[in-house]
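Peer 1: The structure file coords06.cif (mmCIF, C-alpha atoms) is provided below.
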data_input
#
loop_
_atom_site.group_PDB
_atom_site.id
_atom_site.type_symbol
_atom_site.label_atom_id
_atom_site.label_comp_id
_atom_site.auth_asym_id
_atom_site.auth_seq_id
_atom_site.Cartn_x
_atom_site.Cartn_y
_atom_site.Cartn_z
ATOM 1 C CA MET U 1026 102.020 -113.695 -59.427
ATOM 2 C CA ILE U 1027 103.851 -115.247 -56.464
ATOM 3 C CA ARG U 1028 105.109 -113.403 -53.398
ATOM 4 C CA TYR U 1029 107.967 -114.442 -51.118
ATOM 5 C CA ARG U 1030 108.334 -112.782 -47.729
ATOM 6 C CA ARG U 1031 111.275 -112.061 -45.448
ATOM 7 C CA LEU U 1032 114.089 -112.175 -47.974
ATOM 8 C CA THR U 1033 117.249 -110.446 -46.798
ATOM 9 C CA HIS U 1034 120.155 -109.148 -48.855
ATOM 10 C CA PHE U 1035 122.004 -112.349 -47.959
ATOM 11 C CA ASP U 1036 119.323 -114.374 -49.798
ATOM 12 C CA VAL U 1037 119.270 -112.457 -53.079
ATOM 13 C CA GLU U 1038 121.966 -114.408 -54.934
ATOM 14 C CA THR U 1039 120.518 -117.796 -53.976
ATOM 15 C CA PHE U 1040 116.965 -116.640 -54.680
ATOM 16 C CA VAL U 1041 117.819 -115.398 -58.183
ATOM 17 C CA GLU U 1042 119.622 -118.628 -59.015
ATOM 18 C CA GLU U 1043 116.991 -121.026 -57.663
ATOM 19 C CA VAL U 1044 113.775 -119.191 -58.565
ATOM 20 C CA LEU U 1045 114.466 -116.885 -61.512
ATOM 21 C CA VAL U 1046 117.158 -118.834 -63.355
ATOM 22 C CA LYS U 1047 116.255 -122.456 -62.590
ATOM 23 C CA GLU U 1048 112.521 -121.691 -62.159
ATOM 24 C CA GLY U 1049 112.450 -123.749 -58.979
ATOM 25 C CA ASN U 1050 111.296 -123.022 -55.440
ATOM 26 C CA TRP U 1051 113.100 -121.057 -52.782
ATOM 27 C CA LEU U 1052 113.084 -123.605 -49.984
ATOM 28 C CA PRO U 1053 113.247 -121.233 -46.974
ATOM 29 C CA GLY U 1054 110.220 -119.295 -48.213
ATOM 30 C CA ASN U 1055 106.518 -119.996 -48.353
ATOM 31 C CA PRO U 1056 105.274 -118.648 -51.701
ATOM 32 C CA GLU U 1057 101.887 -116.957 -51.687
ATOM 33 C CA SER U 1058 99.726 -116.937 -54.795
ATOM 34 C CA LEU U 1059 98.675 -113.415 -55.808
ATOM 35 C CA LYS U 1060 95.311 -112.802 -57.443
ATOM 36 C CA ALA U 1061 95.042 -109.035 -57.292
ATOM 37 C CA SER U 1062 95.865 -106.534 -60.030
ATOM 38 C CA TYR U 1063 98.895 -104.335 -59.443
ATOM 39 C CA VAL U 1064 99.195 -100.832 -60.873
ATOM 40 C CA PHE U 1065 102.585 -99.098 -60.853
ATOM 41 C CA VAL U 1066 102.923 -95.403 -61.748
ATOM 42 C CA CYS U 1067 106.324 -93.860 -62.467
ATOM 43 C CA SER U 1068 106.778 -90.948 -60.041
ATOM 44 C CA HIS U 1069 110.551 -90.535 -60.336
ATOM 45 C CA GLY U 1070 110.792 -86.749 -60.173
ATOM 46 C CA SER U 1071 114.582 -86.590 -59.894
ATOM 47 C CA ARG U 1072 114.983 -88.447 -63.202
ATOM 48 C CA ASP U 1073 112.436 -86.374 -65.119
ATOM 49 C CA ARG U 1074 110.096 -83.790 -63.636
ATOM 50 C CA ARG U 1075 107.261 -84.831 -65.925
ATOM 51 C CA CYS U 1076 107.012 -88.176 -64.130
ATOM 52 C CA GLY U 1077 107.383 -86.409 -60.786
ATOM 53 C CA VAL U 1078 104.423 -84.160 -61.608
ATOM 54 C CA PHE U 1079 102.066 -86.605 -63.292
ATOM 55 C CA GLY U 1080 102.840 -89.638 -61.106
ATOM 56 C CA PRO U 1081 101.421 -88.610 -57.690
ATOM 57 C CA ILE U 1082 98.271 -87.189 -59.303
ATOM 58 C CA LEU U 1083 97.630 -90.415 -61.203
ATOM 59 C CA VAL U 1084 98.191 -92.488 -58.054
ATOM 60 C CA SER U 1085 95.504 -90.433 -56.279
ATOM 61 C CA ARG U 1086 93.067 -90.862 -59.184
ATOM 62 C CA PHE U 1087 93.607 -94.637 -59.261
ATOM 63 C CA ARG U 1088 92.931 -94.803 -55.513
ATOM 64 C CA GLU U 1089 89.675 -92.944 -56.047
ATOM 65 C CA GLU U 1090 88.633 -95.479 -58.708
ATOM 66 C CA ILE U 1091 89.576 -98.400 -56.442
ATOM 67 C CA GLU U 1092 87.363 -97.039 -53.678
ATOM 68 C CA LEU U 1093 84.578 -96.116 -56.096
ATOM 69 C CA HIS U 1094 84.396 -99.682 -57.445
ATOM 70 C CA ASP U 1095 84.881 -101.237 -53.975
ATOM 71 C CA LEU U 1096 88.044 -103.068 -55.036
ATOM 72 C CA LEU U 1097 90.227 -102.424 -51.998
ATOM 73 C CA GLY U 1098 92.588 -105.377 -51.610
ATOM 74 C CA LYS U 1099 91.795 -106.592 -55.134
ATOM 75 C CA VAL U 1100 93.537 -103.786 -56.991
ATOM 76 C CA LEU U 1101 96.725 -102.316 -55.516
ATOM 77 C CA ILE U 1102 98.301 -99.036 -56.627
ATOM 78 C CA SER U 1103 101.836 -97.866 -55.938
ATOM 79 C CA SER U 1104 104.342 -95.297 -57.119
ATOM 80 C CA CYS U 1105 107.492 -96.753 -58.644
ATOM 81 C CA SER U 1106 110.905 -95.631 -59.826
ATOM 82 C CA HIS U 1107 112.070 -94.940 -63.386
ATOM 83 C CA ILE U 1108 110.663 -97.369 -65.976
ATOM 84 C CA GLY U 1109 111.816 -95.606 -69.150
ATOM 85 C CA GLY U 1110 110.028 -93.401 -71.635
ATOM 86 C CA ASN U 1111 109.939 -90.043 -69.837
ATOM 87 C CA ASN U 1112 108.489 -88.498 -73.006
ATOM 88 C CA TYR U 1113 105.343 -90.577 -72.465
ATOM 89 C CA ALA U 1114 104.538 -89.359 -68.915
ATOM 90 C CA GLY U 1115 102.377 -90.356 -67.182
ATOM 91 C CA ASN U 1116 103.629 -93.908 -67.446
ATOM 92 C CA VAL U 1117 101.554 -96.730 -65.958
ATOM 93 C CA ILE U 1118 102.180 -100.488 -65.713
ATOM 94 C CA ILE U 1119 99.200 -102.773 -65.013
ATOM 95 C CA PHE U 1120 100.325 -106.221 -63.908
ATOM 96 C CA GLY U 1121 98.131 -109.220 -63.114
ATOM 97 C CA SER U 1122 96.554 -112.472 -64.230
ATOM 98 C CA SER U 1123 94.125 -112.628 -67.119
ATOM 99 C CA ILE U 1124 90.928 -114.681 -67.161
ATOM 100 C CA ASN U 1125 92.847 -117.735 -68.413
ATOM 101 C CA ARG U 1126 95.398 -117.239 -65.573
ATOM 102 C CA GLU U 1127 98.072 -115.978 -67.926
ATOM 103 C CA VAL U 1128 100.308 -113.466 -66.150
ATOM 104 C CA THR U 1129 100.509 -110.256 -68.185
ATOM 105 C CA GLY U 1130 102.001 -106.825 -67.791
ATOM 106 C CA HIS U 1131 100.940 -103.887 -69.953
ATOM 107 C CA LEU U 1132 102.586 -100.481 -70.202
ATOM 108 C CA TYR U 1133 100.539 -97.364 -70.914
ATOM 109 C CA GLY U 1134 101.805 -93.869 -71.756
ATOM 110 C CA TYR U 1135 100.445 -90.321 -71.948
ATOM 111 C CA VAL U 1136 97.964 -91.212 -69.204
ATOM 112 C CA THR U 1137 96.221 -88.152 -67.747
ATOM 113 C CA PRO U 1138 93.928 -87.970 -64.701
ATOM 114 C CA ASP U 1139 90.924 -87.812 -67.022
ATOM 115 C CA ASP U 1140 92.014 -91.090 -68.663
ATOM 116 C CA VAL U 1141 92.151 -93.048 -65.408
ATOM 117 C CA PRO U 1142 88.411 -93.908 -65.032
ATOM 118 C CA LEU U 1143 88.156 -95.278 -68.590
ATOM 119 C CA LEU U 1144 91.522 -97.067 -68.394
ATOM 120 C CA PHE U 1145 90.569 -98.571 -65.034
ATOM 121 C CA ARG U 1146 87.181 -99.751 -66.226
ATOM 122 C CA GLN U 1147 88.347 -101.101 -69.572
ATOM 123 C CA HIS U 1148 91.608 -102.824 -68.580
ATOM 124 C CA ILE U 1149 91.132 -103.865 -64.963
ATOM 125 C CA ILE U 1150 87.380 -104.486 -64.780
ATOM 126 C CA GLN U 1151 86.631 -105.607 -68.355
ATOM 127 C CA GLY U 1152 90.056 -107.108 -69.113
ATOM 128 C CA GLU U 1153 90.414 -105.278 -72.443
ATOM 129 C CA ILE U 1154 93.461 -103.378 -73.717
ATOM 130 C CA PHE U 1155 93.021 -99.613 -74.062
ATOM 131 C CA ASP U 1156 94.872 -99.207 -77.366
ATOM 132 C CA SER U 1157 94.927 -95.419 -77.581
ATOM 133 C CA LEU U 1158 97.374 -95.252 -74.641
ATOM 134 C CA TRP U 1159 98.965 -98.689 -74.980
ATOM 135 C CA ARG U 1160 102.779 -98.785 -75.261
ATOM 136 C CA GLY U 1161 103.382 -102.511 -75.165
ATOM 137 C CA GLN U 1162 103.179 -105.836 -73.359
ATOM 138 C CA ILE U 1163 105.857 -107.436 -71.201
ATOM 139 C CA GLY U 1164 107.378 -110.614 -72.623
ATOM 140 C CA LEU U 1165 106.509 -110.082 -76.278
ATOM 141 C CA SER U 1166 108.800 -109.087 -79.130
ATOM 142 C CA GLU U 1167 108.132 -105.939 -81.128
ATOM 143 C CA ASP U 1168 106.638 -107.924 -84.010
ATOM 144 C CA GLU U 1169 104.404 -109.948 -81.675
ATOM 145 C CA GLN U 1170 103.105 -106.766 -80.071
ATOM 146 C CA LYS U 1171 102.325 -105.205 -83.436
ATOM 147 C CA LYS U 1172 100.425 -108.331 -84.546
ATOM 148 C CA LYS U 1173 98.399 -108.417 -81.340
ATOM 149 C CA GLN U 1174 97.485 -104.772 -81.681
ATOM 150 C CA GLU U 1175 96.476 -105.223 -85.321
ATOM 151 C CA GLN U 1176 94.251 -108.147 -84.319
ATOM 152 C CA ARG U 1177 92.591 -106.098 -81.577
ATOM 153 C CA LEU U 1178 92.003 -103.170 -83.900
ATOM 154 C CA GLN U 1179 90.392 -105.444 -86.496
ATOM 155 C CA LEU U 1180 88.106 -106.981 -83.879
ATOM 156 C CA ASN U 1181 87.223 -103.666 -82.243
ATOM 157 C CA GLY U 1182 86.975 -101.644 -85.422
ATOM 158 C CA GLY U 1183 89.362 -99.070 -83.961
ATOM 159 C CA ARG U 1184 86.864 -97.885 -81.353
ATOM 160 C CA ASN U 1185 89.443 -97.999 -78.553
ATOM 161 C CA LEU U 1186 91.720 -95.496 -80.250
ATOM 162 C CA GLY U 1187 90.042 -92.369 -78.982
ATOM 163 C CA GLY U 1188 91.672 -89.388 -80.659
ATOM 164 C CA MET U 1189 95.034 -91.037 -81.268
ATOM 165 C CA GLY U 1190 96.228 -93.029 -84.231
ATOM 166 C CA ALA U 1191 97.406 -96.596 -83.775
ATOM 167 C CA GLY U 1192 101.046 -96.814 -82.829
ATOM 168 C CA CYS U 1193 101.328 -93.069 -82.237
ATOM 169 C CA CYS U 1194 103.586 -93.593 -79.230
ATOM 170 C CA GLN U 1195 105.685 -96.286 -80.851
ATOM 171 C CA THR U 1196 107.182 -94.534 -83.851
ATOM 172 C CA ASP U 1197 110.864 -95.565 -83.896
ATOM 173 C CA GLY U 1198 110.943 -95.327 -80.130
ATOM 174 C CA GLU U 1199 110.467 -91.553 -80.315
ATOM 175 C CA SER U 1200 107.758 -89.455 -78.785
ATOM 176 C CA CYS U 1201 105.091 -88.417 -81.253
ATOM 177 C CA CYS U 1202 105.341 -84.970 -79.687
ATOM 178 C CA GLN U 1203 108.750 -84.634 -81.294
ATOM 179 C CA ASP U 1204 107.311 -85.199 -84.752
ATOM 180 C CA ASN U 1205 103.982 -83.422 -84.509
ATOM 181 C CA GLU U 1206 103.429 -80.439 -82.258
ATOM 182 C CA ASP U 1207 99.679 -80.730 -82.766
ATOM 183 C CA SER U 1208 99.576 -84.400 -81.774
ATOM 184 C CA CYS U 1209 96.760 -85.217 -79.391
ATOM 185 C CA CYS U 1210 99.126 -87.327 -77.289
ATOM 186 C CA CYS U 1211 101.484 -84.422 -76.662
ATOM 187 C CA GLN U 1212 101.325 -83.286 -73.057
ATOM 188 C CA ASN U 1213 104.115 -80.735 -72.772
ATOM 189 C CA ASP U 1214 101.587 -77.930 -73.111
ATOM 190 C CA VAL U 1215 99.778 -78.955 -69.935
ATOM 191 C CA LEU U 1216 102.830 -79.668 -67.765
ATOM 192 C CA GLU U 1217 102.738 -76.330 -65.984
ATOM 193 C CA GLU U 1218 99.013 -76.717 -65.356
ATOM 194 C CA MET U 1219 99.597 -80.201 -63.921
ATOM 195 C CA THR U 1220 102.386 -78.843 -61.688
ATOM 196 C CA GLU U 1221 99.983 -76.301 -60.231
ATOM 197 C CA LEU U 1222 97.323 -79.004 -59.838
ATOM 198 C CA SER U 1223 99.777 -81.226 -57.969
ATOM 199 C CA ALA U 1224 100.607 -78.425 -55.536
ATOM 200 C CA ASP U 1225 96.926 -77.584 -55.090
ATOM 201 C CA ASN U 1226 96.094 -81.241 -54.371
ATOM 202 C CA LYS U 1227 98.787 -81.429 -51.690
ATOM 203 C CA ARG U 1228 97.557 -78.243 -50.026
ATOM 204 C CA ARG U 1229 93.967 -79.474 -50.207
ATOM 205 C CA GLU U 1230 94.881 -82.811 -48.625
ATOM 206 C CA ASN U 1231 96.674 -81.046 -45.778
ATOM 207 C CA VAL U 1232 93.658 -78.824 -45.151
ATOM 208 C CA ASN U 1233 91.308 -81.840 -45.175
ATOM 209 C CA VAL U 1234 93.490 -83.723 -42.698
ATOM 210 C CA ILE U 1235 93.652 -80.781 -40.291
ATOM 211 C CA SER U 1236 89.907 -80.186 -40.639
ATOM 212 C CA ARG U 1237 89.023 -83.819 -39.881
ATOM 213 C CA ILE U 1238 91.335 -83.925 -36.873
ATOM 214 C CA ASN U 1239 89.806 -80.744 -35.480
ATOM 215 C CA LYS U 1240 86.376 -82.321 -35.818
ATOM 216 C CA GLY U 1241 87.467 -85.398 -33.893
ATOM 217 C CA LYS U 1242 87.335 -87.610 -36.956
ATOM 218 C CA GLY U 1243 91.038 -88.149 -37.405
ATOM 219 C CA ALA U 1244 90.595 -91.903 -37.012
ATOM 220 C CA SER U 1245 88.343 -92.065 -40.061
ATOM 221 C CA LEU U 1246 90.908 -90.708 -42.518
ATOM 222 C CA LYS U 1247 91.061 -92.611 -45.775
ATOM 223 C CA PHE U 1248 94.209 -94.504 -46.633
ATOM 224 C CA SER U 1249 94.536 -92.451 -49.797
ATOM 225 C CA SER U 1250 95.622 -89.428 -47.719
ATOM 226 C CA MET U 1251 98.460 -91.340 -46.063
ATOM 227 C CA PRO U 1252 102.036 -91.185 -47.306
ATOM 228 C CA THR U 1253 102.801 -93.689 -50.030
ATOM 229 C CA TRP U 1254 105.377 -95.628 -48.006
ATOM 230 C CA LEU U 1255 102.681 -96.637 -45.507
ATOM 231 C CA ASP U 1256 100.797 -98.580 -48.173
ATOM 232 C CA SER U 1257 103.169 -101.542 -47.861
ATOM 233 C CA TRP U 1258 103.368 -101.450 -44.045
ATOM 234 C CA GLU U 1259 102.087 -104.704 -42.601
ATOM 235 C CA GLN U 1260 101.349 -106.112 -39.136
ATOM 236 C CA GLU U 1261 104.588 -108.091 -39.107
ATOM 237 C CA ASP U 1262 106.508 -104.872 -39.694
ATOM 238 C CA THR U 1263 104.833 -103.307 -36.666
ATOM 239 C CA TYR U 1264 105.898 -106.228 -34.469
ATOM 240 C CA ALA U 1265 109.441 -106.038 -35.821
ATOM 241 C CA ALA U 1266 109.658 -102.298 -35.166
ATOM 242 C CA PHE U 1267 108.303 -102.773 -31.635
ATOM 243 C CA ALA U 1268 110.879 -105.503 -30.992
ATOM 244 C CA VAL U 1269 113.705 -103.232 -32.154
ATOM 245 C CA VAL U 1270 112.533 -100.429 -29.849
ATOM 246 C CA CYS U 1271 112.286 -102.822 -26.889
ATOM 247 C CA ALA U 1272 115.753 -104.150 -27.612
ATOM 248 C CA ALA U 1273 117.179 -100.629 -27.756
ATOM 249 C CA VAL U 1274 115.523 -99.746 -24.432
ATOM 250 C CA SER U 1275 116.867 -102.944 -22.845
ATOM 251 C CA VAL U 1276 120.402 -102.153 -23.996
ATOM 252 C CA ALA U 1277 120.122 -98.620 -22.632
ATOM 253 C CA ILE U 1278 118.916 -99.880 -19.242
ATOM 254 C CA ALA U 1279 121.656 -102.507 -19.080
ATOM 255 C CA TYR U 1280 124.302 -99.943 -19.929
ATOM 256 C CA SER U 1281 122.943 -97.576 -17.271
ATOM 257 C CA CYS U 1282 123.076 -100.332 -14.635
ATOM 258 C CA TYR U 1283 126.604 -101.222 -15.711
ATOM 259 C CA LYS U 1284 127.780 -97.637 -15.250
ATOM 260 C CA GLN U 1285 126.202 -97.423 -11.778
ATOM 261 C CA MET U 1286 127.905 -100.664 -10.673
ATOM 262 C CA ARG U 1287 131.284 -99.215 -11.654
#
Produce structure tokens that represent the structure in this file.
Peer 2:
Amino acid sequence: MIRYRRLTHFDVETFVEEVLVKEGNWLPGNPESLKASYVFVCSHGSRDRRCGVFGPILVSRFREEIELHDLLGKVLISSCSHIGGNNYAGNVIIFGSSINREVTGHLYGYVTPDDVPLLFRQHIIQGEIFDSLWRGQIGLSEDEQKKKQEQRLQLNGGRNLGGMGAGCCQTDGESCCQDNEDSCCCQNDVLEEMTELSADNKRRENVNVISRINKGKGASLKFSSMPTWLDSWEQEDTYAAFAVVCAAVSVAIAYSCYKQMR
């Protein structure tokens, strides 16, 4: 839960050695302590179209929950590249600090848009694992994860399982859909429906944007309708881009003057 800014590709080797291997500090940087929760949704459509279909829809639903609970700046959502387990789409990683300041990362699978409100409320707001969709925890061995899940199920009496059995998504690393066509965690049957929903959502967002602009309310657009890459755009990036443009203009003017002098 620490962020370093302004690393370049020249710094990567030194950074890995000093910070990740030796667990020291990267002297040129000023580490910032992070307190927010970070949600990453696999949206890698070129690797597997299931992630490409489910991912953007889940990102939109998480943004709605963030706004609904007034947690802008406290919970951050972003699409990410391939994280493994295409059979479990949609795949979601929730990364952050627990109440006792322990940094944890939890992977969830078979997440649908309808699951997002309950998953958001139970994991992010209440700090409890949602076992029916839980695929594992970062940093723990397989045996440690099984023991932790068994302990949670004993304490909770299995009430977090929903319609799924414990460990449904963990059977020998294979999708439960491959073993049981009637499994409640199988989502292949709804893929085409989700594809149509994704296209409808994009068309609807475009219509809403055009409508708001025509009404003179373009400035009040929500961030959730912006392209994903803008989410990480910061003020320093704006200054840097402006400086690059100014430099390019200066070079062009200097070159023009040079040609005229000749």
Peer 1: Do you know which residues the PyMOL selection byres ((chain U and resi 1135) around 6) returns on this file, as a list in words?
Peer 2: Tyr1113, Ala1114, Gly1115, Gly1134 and Val1136 of chain U
Peer 1: Since we have the selection now, will you write its residues out, keeping C-alpha atoms, as a tab-separated table (two decimals), in the frame of the given file?
Peer 2:
chain	number	residue	atom	x	y	z
U	1113	TYR	CA	105.34	-90.58	-72.46
U	1114	ALA	CA	104.54	-89.36	-68.92
U	1115	GLY	CA	102.38	-90.36	-67.18
U	1134	GLY	CA	101.80	-93.87	-71.76
U	1136	VAL	CA	97.96	-91.21	-69.20
Peer 1: Nearest to Gly1054 (chain U): which of U:Ile1154, U:Cys1067, U:Val1078, U:Ile1027 is it, counting all atoms listed in the file?
Peer 2: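 Closest to Gly1054 (chain U) of all the choices is U:Ile1027.
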Peer 1: Can you translate the PyMOL selection byres ((chain U and resi 1158) around 6) into the concrete residues it hits in this file, as number ranges by chain?
Peer 2: U: 1133-1134, 1156-1157, 1159
Peer 1: Out of U:Tyr1063, U:Phe1267, U:Phe1035, U:Tyr1283, which residue has the shortest atom-to-atom distance to Ile1091 (chain U) when counting all atoms listed in the file?
Peer 2: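 Going through U:Tyr1063, U:Phe1267, U:Phe1035, U:Tyr1283 one by one, the smallest distance to Ile1091 (chain U) is for U:Tyr1063.
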Peer 1: Find, counting all atoms listed in the file, the residue in U:Gly1110, U:Leu1101, U:Gln1176, U:Ser1058 that gets nearest to Phe1145 (chain U).
Peer 2: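 Among the listed residues, the smallest separation from Phe1145 (chain U) belongs to U:Leu1101.
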Peer 1: Taking into account only C-alpha atoms, which residue in the set U:Gln1174, U:Glu1169, U:Val1270, U:Ala1061 is nearest to Glu1153 (chain U)?
Peer 2: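 Once distances to Glu1153 (chain U) are computed over only C-alpha atoms, the minimum belongs to U:Gln1174.
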Peer 1: Tell me which of U:His1131, U:Arg1030, U:Lys1047, U:His1148 sits closest to Phe1065 (chain U), counting all atoms listed in the file.
Peer 2: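 Nearest to Phe1065 (chain U): U:His1131.
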Peer 1: Would you please work out which residue, of U:Gln1151, U:Pro1081, U:Val1066, U:Glu1090, is nearest to Asn1116 (chain U) when using all atoms listed in the file?
Peer 2: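 Smallest distance to Asn1116 (chain U) is found for U:Val1066.
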Peer 1: With only C-alpha atoms as the counted atoms, please give the residues lying no more than 7 Å from His1069 (chain U), apart from itself and same-chain residues fewer than 5 positions off, as a VMD selection string.
Peer 2: chain U and resid 1076 to 1077 1106 to 1107
Peer 1: For Leu1059 (chain U), find every residue with an atom within 9 Å (counting all atoms listed in the file), except residues of its own chain fewer than 5 positions away, and show them as a VMD selection string.
Peer 2: chain U and resid 1026 to 1028 1121 to 1122
Peer 1: Mind writing the picked residues with C-alpha atoms as a compact mmCIF listing (two decimals), in the frame of the given file?
Peer 2:
# COMPACT_ATOMS: atom_id res chain seq x y z
CA MET U 1026 102.02 -113.70 -59.43
CA ILE U 1027 103.85 -115.25 -56.46
CA ARG U 1028 105.11 -113.40 -53.40
CA GLY U 1121 98.13 -109.22 -63.11
CA SER U 1122 96.55 -112.47 -64.23
Peer 1: For Tyr1029 (chain U), find every residue with an atom within 7 Å (counting only C-alpha atoms), except residues of its own chain fewer than 6 positions away, and show them as a PyMOL selection string.
Peer 2: chain U and resi 1054-1057
Peer 1: Calculate how many Å separate CA of Asn1112 (chain U) from CA of Val1141 (chain U), rounding to one decimal.
Peer 2: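 Distance reported for this atom pair: 18.6 Å.
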Peer 1: Run through the PyMOL selection byres ((chain U and resi 1084) around 10) on the given coordinates and return the selected residues as an MDAnalysis selection string.
Peer 2: chainID U and resid 1064:1068 1079:1083 1085:1089 1102:1104 1117 1138 1141 1249 1253
